[in-house]
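Asker: Hey, dropping protein-v3.txt in here, compact mmCIF, C-alpha atoms:
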```
# COMPACT_ATOMS: atom_id res chain seq x y z
CA GLY A 1 32.88 26.61 -49.19
CA ARG A 2 32.21 24.06 -46.58
CA GLN A 3 34.96 21.57 -45.87
CA ALA A 4 34.17 17.89 -45.67
CA MET A 5 34.23 16.46 -42.17
CA THR A 6 36.77 13.81 -41.44
CA ARG A 7 35.56 10.47 -40.20
CA LYS A 8 37.17 11.16 -36.81
CA GLU A 9 35.31 14.48 -36.42
CA ARG A 10 32.01 12.89 -37.47
CA ASP A 11 32.47 10.05 -34.95
CA ARG A 12 33.26 12.57 -32.20
CA LEU A 13 30.10 14.57 -32.95
CA HIS A 14 28.02 11.36 -32.97
CA LYS A 15 29.47 10.43 -29.57
CA ILE A 16 28.61 13.85 -28.13
CA ALA A 17 25.06 13.66 -29.51
CA LYS A 18 24.63 10.14 -28.14
CA ARG A 19 25.88 11.23 -24.70
CA LYS A 20 23.34 14.10 -24.70
CA ARG A 21 20.51 11.72 -25.64
CA LEU A 22 21.52 9.28 -22.89
CA LYS A 23 21.71 12.06 -20.28
CA ALA A 24 18.23 13.27 -21.23
CA LEU A 25 16.89 9.71 -21.08
CA ASN A 26 18.59 9.17 -17.73
CA ARG A 27 17.00 12.33 -16.32
CA ALA A 28 13.59 11.15 -17.48
CA ASN A 29 14.03 7.71 -15.90
CA ARG A 30 15.33 8.67 -12.46
CA PRO A 31 13.85 6.68 -9.59
CA TRP A 32 10.41 7.92 -8.56
CA VAL A 33 11.61 8.53 -5.01
CA GLU A 34 13.84 11.44 -6.08
CA VAL A 35 11.21 13.00 -8.30
CA SER A 36 8.33 12.73 -5.89
CA GLN A 37 9.96 13.68 -2.59
CA ALA A 38 8.25 17.04 -2.76
CA ARG A 39 4.91 15.25 -2.40
CA SER A 40 3.68 14.54 1.10
CA SER A 41 3.66 11.07 2.60
CA ASP A 42 -0.14 11.41 2.87
CA GLU A 43 -0.33 11.78 -0.90
CA HIS A 44 1.89 8.72 -1.38
CA ARG A 45 -0.22 6.78 1.09
CA ALA A 46 -3.50 7.72 -0.61
CA GLU A 47 -2.09 6.86 -4.03
CA GLY A 48 -0.64 3.53 -2.84
CA LEU A 49 -3.86 2.45 -1.11
CA SER A 50 -5.92 3.48 -4.13
CA TYR A 51 -3.59 1.46 -6.38
CA VAL A 52 -4.04 -1.77 -4.39
CA ARG A 53 -7.83 -1.23 -4.25
CA GLN A 54 -7.92 -0.66 -8.03
CA TRP A 55 -5.93 -3.85 -8.55
CA TYR A 56 -8.29 -5.76 -6.27
CA ASP A 57 -11.43 -4.41 -7.94
CA GLY A 58 -10.25 -4.14 -11.55
CA ARG A 59 -7.78 -6.96 -12.15
CA ASP A 60 -10.33 -9.10 -13.99
CA ASN A 61 -11.87 -6.42 -16.19
CA GLY A 62 -8.64 -4.93 -17.54
CA ARG A 63 -9.06 -1.50 -15.91
CA TRP A 64 -6.02 -1.85 -13.66
CA LYS A 65 -2.56 -0.77 -14.85
CA PHE A 66 0.79 -1.77 -13.29
CA ARG A 67 2.71 1.15 -11.77
CA LYS A 68 6.14 0.30 -10.40
CA LYS A 69 6.50 3.33 -8.14
CA LEU A 70 3.28 2.43 -6.32
CA GLN A 71 4.31 -1.21 -5.99
CA VAL A 72 7.60 -0.03 -4.49
CA TRP A 73 5.76 2.21 -2.01
CA LEU A 74 3.45 -0.64 -0.99
CA LEU A 75 6.34 -3.06 -0.49
CA GLN A 76 8.31 -0.49 1.52
CA ASN A 77 5.34 0.07 3.84
CA ILE A 78 3.81 -3.41 3.92
CA TYR A 79 4.72 -4.06 7.58
CA SER A 80 3.31 -0.76 8.85
CA PRO A 81 -0.34 -0.90 9.96
CA ASP A 82 -0.22 2.90 10.22
CA MET A 83 0.52 3.20 6.50
CA ILE A 84 -1.46 0.23 5.18
CA PRO A 85 -4.66 -0.58 7.11
CA ASP A 86 -5.74 -4.21 7.57
CA GLU A 87 -8.31 -4.15 4.76
CA GLU A 88 -5.77 -3.03 2.15
CA PHE A 89 -3.14 -5.35 3.66
CA ALA A 90 -5.45 -8.32 2.94
CA MET A 91 -5.75 -7.12 -0.67
CA LEU A 92 -1.98 -6.67 -0.82
CA LEU A 93 -1.44 -10.28 0.28
CA GLU A 94 -3.45 -11.40 -2.75
CA TYR A 95 -1.43 -9.01 -4.92
CA LEU A 96 1.78 -10.64 -3.62
CA GLU A 97 0.57 -14.07 -4.72
CA ASN A 98 0.71 -12.86 -8.33
CA MET A 99 4.04 -11.07 -8.06
CA VAL A 100 7.05 -12.48 -9.92
CA GLY A 101 10.75 -11.89 -10.35
CA LEU A 102 13.07 -9.74 -8.30
CA ALA A 103 10.29 -7.88 -6.48
CA LYS A 104 8.91 -11.19 -5.21
CA GLN A 105 12.36 -12.41 -4.15
CA LYS A 106 13.19 -9.14 -2.36
CA THR A 107 9.85 -9.21 -0.57
CA LEU A 108 10.52 -12.77 0.57
CA ASP A 109 14.05 -11.85 1.72
CA HIS A 110 12.83 -8.79 3.62
CA ALA A 111 10.02 -10.67 5.36
CA GLN A 112 12.37 -13.50 6.33
CA ALA A 113 15.00 -11.08 7.62
CA LEU A 114 12.46 -9.09 9.66
CA TYR A 115 10.90 -12.22 11.13
CA THR A 116 14.28 -13.76 11.99
CA PHE A 117 15.60 -10.51 13.42
CA TYR A 118 12.57 -10.01 15.65
CA HIS A 119 12.60 -13.57 16.95
CA SER A 120 16.33 -13.74 17.68
CA ALA A 121 16.93 -13.42 21.44
CA ASP A 122 19.22 -10.41 21.26
CA ASN A 123 18.12 -9.01 17.87
CA ASP A 124 21.63 -9.73 16.61
CA VAL A 125 21.22 -12.81 14.49
CA SER A 126 23.56 -13.82 11.71
CA ILE A 127 21.85 -12.78 8.50
CA SER A 128 22.92 -12.82 4.88
CA GLN A 129 25.02 -9.86 3.76
CA HIS A 130 22.25 -9.06 1.29
CA ASN A 131 19.88 -8.22 4.17
CA HIS A 132 22.42 -6.66 6.52
CA HIS A 133 21.38 -3.10 5.61
CA LEU A 134 17.76 -3.98 6.42
CA ILE A 135 18.69 -5.19 9.87
CA GLU A 136 20.66 -2.01 10.55
CA GLY A 137 17.61 0.03 9.57
CA TRP A 138 15.38 -2.00 11.87
CA LYS A 139 17.81 -1.59 14.76
CA LEU A 140 17.52 2.17 14.30
CA GLN A 141 13.74 1.95 14.15
CA ALA A 142 13.31 -0.81 16.75
CA LYS A 143 10.32 0.94 18.30
CA THR A 144 8.42 0.66 15.02
CA LEU A 145 8.92 -3.11 15.03
CA ASN A 146 6.08 -4.62 16.96
CA GLU A 147 4.10 -7.85 17.11
CA GLU A 148 1.73 -6.62 14.40
CA SER A 149 4.60 -5.87 11.98
CA VAL A 150 6.11 -9.29 12.62
CA GLU A 151 2.73 -10.97 12.19
CA ARG A 152 2.47 -9.24 8.82
CA ALA A 153 5.94 -10.53 7.92
CA ARG A 154 4.79 -14.05 8.84
CA GLN A 155 1.72 -13.70 6.60
CA VAL A 156 3.86 -12.35 3.74
CA LEU A 157 6.18 -15.35 4.13
CA GLN A 158 3.22 -17.73 3.94
CA VAL A 159 1.95 -16.15 0.73
CA VAL A 160 5.22 -15.43 -1.09
CA ALA A 161 7.20 -18.54 -0.15
CA VAL A 162 4.76 -20.86 -1.95
```
So, in terms of structure tokens, how does the structure I just supplied come out?

Answerer:
Amino acid sequence: GRQAMTRKERDRLHKIAKRKRLKALNRANRPWVEVSQARSSDEHRAEGLSYVRQWYDGRDNGRWKFRKKLQVWLLQNIYSPDMIPDEEFAMLLEYLENMVGLAKQKTLDHAQALYTFYHSADNDVSISQHNHHLIEGWKLQAKTLNEESVERARQVLQVVAV
């Protein structure tokens, strides 16, 4: 016949099963960036711009649905006129007014760091450790930082810092 399992064996099997469930859940919840890298940046751009337009047009009638990965894309590309044209940028500024929590704080920090970095005489201003990695990225991409990007950062600061 079948022998009864000891408590220790049962606990060990439960732990293994739990670990398997957590691994599966973890795989399902990986950041969107990893999962969607196979998609082209044009697809991301189209989806992001469509998302902000849907928010702008459908926020009052309940047709719009929050999607974190698209918000992340928009916030990562907010200073790039090549990625987000002026019309959608204006919509995005209104979107930012309604943003809350960590996303709002990070957006404020990023805009402040970009603005301060650009306006420091030698682009080597003392900045909080939290934003140090941003500055390093901008130094590498200094040619993408232009007056228009900094003007966008200024507008973001005006909207988000309220």

Asker: Could you please determine the separation between CA of His119 in chain A and CA of Asn77 in chain A in Å, to one decimal place?

Answerer: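 Atom-to-atom, CA of His119 in chain A to CA of Asn77 in chain A, that is 20.3 Å.
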
Asker: Report, in Å to a single decimal, how far apart CA of Arg67 in chain A and CA of Asn146 in chain A are.

Answerer: 29.5 Å

Asker: Would you list the contacts of range 84-93 of chain A as an MDAnalysis selection string, taking every protein, DNA or RNA residue within 12 Å and counting all atoms listed in the file, but skipping same-chain residues closer than 5 positions in sequence?

Answerer: chainID A and resid 42 44:57 59 70:71 73:79 98:99 104 107 148:149 151:161

Asker: Work out how far apart CA of Val72 in chain A and CA of Glu97 in chain A are and give it in Å to one decimal.

Answerer: 15.7 Å

Asker: For Lys68 in chain A, which residue out of A:Val150, A:Asp109, A:Ala103, A:Tyr118 is the nearest one, using all atoms listed in the file?

Answerer: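 Looking only at the distances to Lys68 in chain A, the closest residue turns out to be A:Ala103.
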
Asker: So, with all atoms listed in the file as the atoms that count, which of A:Val162, A:Thr6, A:Glu147, A:Gly101 lies closest to Pro81 in chain A?

Answerer: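 Using all atoms listed in the file, Pro81 in chain A sits closest to A:Glu147.
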